[in-house]
Every structure is written in C-alpha cells, then in structure tokens.
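Worksheet: one structure, shown below.
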Amino acid sequence: MADLLILAIETATGCGSVALTRGAGAAGKVLAEYTLQPEITHARCLLGSVATVMAAAGVGWGDLTAVAVSQGPGSFTGLRIGMAAAQGLAMALAAPLVPVPTLDGLAAQVAPGDLPVCCLLDARKQQIYAGVYRFRQAQWQRISPFFVVSPTDLVRRVILEPTLLIGPGLQACRAEVAAQPLARIAGTGLFHPRAATIGLCAGQMLADGTAHPAARAVPLYVRASEAELQGGTMREGGQEAL
C-alpha cells in the first residue's frame with residue numbers, strides 16, 4: 001500500500017493542520033504539512049491551506065487515493081468544520097473518506113514502549129477527553145473506550161500503574177497529575193494532534209479495509225453539546241463519562 005496518497009485534515013483543536021501523506025502507518029511518509037494559525041478560524045483558512053499543500057507537493061486532485069479527517073473528540077465547532085470540508089472534497093473526488101479518531105492519531109506519534117499511554121485533550125468545563133493505549137503487534141492499540149473525565153477522577157480511576165500521559169489536555173490537569181507518583185508526564189509541546197499522523201493512520205485503515213461513504217461519516221463528540229444537554233439528547237458516536 002505504498003502508493004496510497006491521502007489528503008488529511010485535522011481541526012479537532014484550535015491549532016489545526018492539513019497534510020499529504022503517502023503509504024500506511026509507520027512505513028508511510030509525509031509529503032507536506034501545513035499548520036493553521038490558531039488565531040484564524042478553521043472555516044476561514046482551511047480550504048486555502050489545502051490548496052497550498054497540494055501545490056507545494058505538486059499533487060493534483062486526481063492523484064489522491066482518499067481523504068482523511070480527524071474525527072474527534074475535540075472542539076465541536078472544529079470537528080464540524082473539518083468533517084464538512086472532508087466530506088465535500090471526498091464526494092467531489094468520488095474518493096473514500098477515512099475518519100480517524102483524534103486520540104488514535106495522537107497515540108500514533110509515541111515511540112514504541114512498555115508503559116501504557118493515556119492521550120488527553122481539553123474538553124473544557126473542567127473535564128478531559130481521554131483514551132488509553134498499549135503497544136501491541138507493532139502498533140499502539142486502544143484498550144479503553146473514549147471517555148470524558150474530571151482531573152480528579154483521571155488520577156483516581158485511570159492512572160493505576162505507571163502511565164505515560166501525553167497531549168494538550170495535560171494543561172487542564174497538570175496539578176492533579178503532578179501529585180500522582182505513577183504518572184509519567186510528556187512535554188505538552190511534544191504531542192499535539194497532527195494531520196500528518198491522521199493521514200498515516202488512515203493509510204493503515206485503508207490497507208486494513210476500513211473506509212466510509214462520505215455522506216455517512218460523523219464526528220465523534222464523546223460528550224453531548226450544551227444544546228443537547230438542555231434538550232436531553234446525545235449525538236451519534238457519543239460515549240458516557242468514566
């Protein structure tokens with residue numbers, strides 16, 4: 001699957017990105033990646049950034065194998081913008097769309113190791129999105145459902161053995177985690193959701209036979225939005241707090 005050429009979009013956090021990748025997983029390579037400016041909304045600059053990356057890599061629309069998108073959890077607005085853009089591009093190109101869970105892409109950035117890894121994103125409202133992974137069969141495999149948790153419950157109920165914690169969600173729980181002797185804290189600037197990793201994960205998923213019709217792909221919110229909480233509903237793909 002070395003010839004897989006994937007356009008990847010990542011807008012789950014304020015600092016989004018777009019990338020072009022070739023191949024699958026650890027054997028793949030990044031052709032180009034562009035980080036979106038945090039102070040500019042994704043809606044204003046996303047498609048322009050896609051065009052910039054395509055031009056920089058000398059890639060035409062007809063060269064693409066698939067479109068990948070960071071599925072969530074993350075910013076509700078960012079996820080909707082990224083999914084809508086990815087769906088539009090995939091449908092226009094008649095190409096597969098590969099939604100990749102954001103925390104799976106984050107875990108894929110970590111070097112192989114023996115410790116479990118807990119990937120964290122800031123969920124706001126004094127909560128954190130999280131997922132736990134172990135390195136098995138030459139890749140990081142998720143061993144928990146995605147969940148949303150308070151900093152106190154993260155320390156009390158999740159970190160039960162020496163565990164590496166990564167991701168921008170560390171900022172929201174640094175005090176609690178620092179007081180937990182079993183926590184191993186990675187630098188917050190070292191691990192952030194990246195379109196390049198989303199693209200390489202999507203390549204592996206395509207190689208494994210996983211893709212979706214563009215119209216059926218939905219964001220993975222994990223937690224209900226404020227409007228849904230008030231209305232007593234929960235979006236598709238959501239999961240309960242730990």
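Just so we're on the same page: first chain in the structure tokens is A, next is B, and so on; residues restart at 1 for each chain, and ligands are numbered from 1 in the order they show up.
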Residues of segment 135-207 of chain A in alpha helix (DSSP H), written as a count of residues only: 21
Determine the nearest neighbour of Ile6 of chain A from the options A:Gly167, A:Gln204, A:Pro151, A:Leu46, counting only C-alpha atoms.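 Between A:Gly167, A:Gln204, A:Pro151, A:Leu46, the residue approaching Ile6 of chain A most closely is A:Gln204.
Interatomic distance, atom CA of Leu190 of chain A against atom CA of Cys118 of chain A: 14.4 Å.
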I'd like the contact shell of Arg136 of chain A - 10 Å cut-off, only C-alpha atoms, skipping same-chain residues fewer than 3 positions apart - returned as an NGL selection string. :A and (112-114 or 133 or 139-142)
DSSP strand (DSSP E) selection over segment 2-236 of chain A, as a PyMOL selection string: chain A and resi 5-10+17-22+29-35+66-72+97-101+117-124+127-136+139-142+147-149+163-166+183-185
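Every protein, DNA or RNA residue with an atom at most 6 Å from segment 29-36 of chain A, where only C-alpha atoms count and chain neighbours fewer than 4 positions away do not, is listed here: A:Cys15, A:Gly16, A:Ser17, A:Val18, A:Ala19, A:Leu20, A:Thr21, A:Arg22.
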From the options A:Gly72, A:Pro213, A:Pro162, A:Gly28, which residue's atoms come nearest to Pro181 of chain A, counting only C-alpha atoms?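 Comparing A:Gly72, A:Pro213, A:Pro162, A:Gly28 against Pro181 of chain A, the winner is A:Pro162.
For the pair atom CA of His212 of chain A and atom CA of Gly60 of chain A, the interatomic distance is 22.4 Å.
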So which residues touch Met205 of chain A within 9 Å, counting only C-alpha atoms, skipping near sequence neighbours fewer than 3 positions away, as a short mmCIF file (atom, residue, chain, number, x, y, z; two decimals) with all heavy atoms, in the first residue's frame?
```
data_model
loop_
_atom_site.label_atom_id
_atom_site.label_comp_id
_atom_site.auth_asym_id
_atom_site.auth_seq_id
_atom_site.Cartn_x
_atom_site.Cartn_y
_atom_site.Cartn_z
N ALA A 24 1.23 3.82 4.44
CA ALA A 24 0.41 3.44 5.60
C ALA A 24 1.25 3.29 6.84
O ALA A 24 2.33 2.70 6.81
CB ALA A 24 -0.32 2.12 5.31
N GLY A 25 0.74 3.82 7.95
CA GLY A 25 1.36 3.61 9.25
C GLY A 25 2.82 4.06 9.31
O GLY A 25 3.22 5.03 8.68
N VAL A 98 -11.92 8.63 5.15
CA VAL A 98 -11.46 7.82 6.28
C VAL A 98 -11.44 8.68 7.54
O VAL A 98 -10.52 9.46 7.75
CB VAL A 98 -10.06 7.22 6.03
CG1 VAL A 98 -9.70 6.24 7.15
CG2 VAL A 98 -9.99 6.55 4.67
N VAL A 100 -10.59 9.29 11.27
CA VAL A 100 -9.63 8.71 12.20
C VAL A 100 -9.86 9.34 13.58
O VAL A 100 -9.78 10.57 13.71
CB VAL A 100 -8.17 8.97 11.75
CG1 VAL A 100 -7.19 8.38 12.77
CG2 VAL A 100 -7.93 8.40 10.37
N LEU A 200 -1.40 9.11 7.99
CA LEU A 200 -0.72 7.82 8.05
C LEU A 200 -1.59 6.75 8.70
O LEU A 200 -1.58 5.59 8.29
CB LEU A 200 0.60 7.98 8.80
CG LEU A 200 1.64 8.87 8.10
CD1 LEU A 200 2.84 9.10 9.01
CD2 LEU A 200 2.08 8.27 6.77
N CYS A 201 -2.35 7.15 9.73
CA CYS A 201 -3.30 6.20 10.34
C CYS A 201 -4.38 5.81 9.33
O CYS A 201 -4.78 4.64 9.25
CB CYS A 201 -3.94 6.82 11.57
SG CYS A 201 -2.87 6.95 13.01
N ALA A 202 -4.84 6.78 8.56
CA ALA A 202 -5.86 6.50 7.55
C ALA A 202 -5.32 5.54 6.49
O ALA A 202 -6.05 4.66 6.00
CB ALA A 202 -6.32 7.79 6.89
N ASP A 208 -6.24 -1.96 5.77
CA ASP A 208 -6.97 -2.98 6.51
C ASP A 208 -8.42 -3.11 6.05
O ASP A 208 -9.19 -3.88 6.62
CB ASP A 208 -6.95 -2.65 8.01
CG ASP A 208 -5.55 -2.74 8.60
OD1 ASP A 208 -4.69 -3.41 8.00
OD2 ASP A 208 -5.32 -2.12 9.66
N GLY A 209 -8.81 -2.30 5.06
CA GLY A 209 -10.16 -2.38 4.51
C GLY A 209 -11.19 -1.52 5.21
O GLY A 209 -12.39 -1.79 5.10
N THR A 210 -10.75 -0.47 5.92
CA THR A 210 -11.67 0.40 6.64
C THR A 210 -11.82 1.73 5.93
O THR A 210 -10.85 2.47 5.78
CB THR A 210 -11.18 0.66 8.08
OG1 THR A 210 -11.02 -0.59 8.74
CG2 THR A 210 -12.18 1.51 8.85
N ALA A 211 -13.01 2.06 5.48
CA ALA A 211 -13.33 3.36 4.87
C ALA A 211 -14.83 3.54 4.96
O ALA A 211 -15.57 2.61 5.29
CB ALA A 211 -12.85 3.43 3.42
#
```
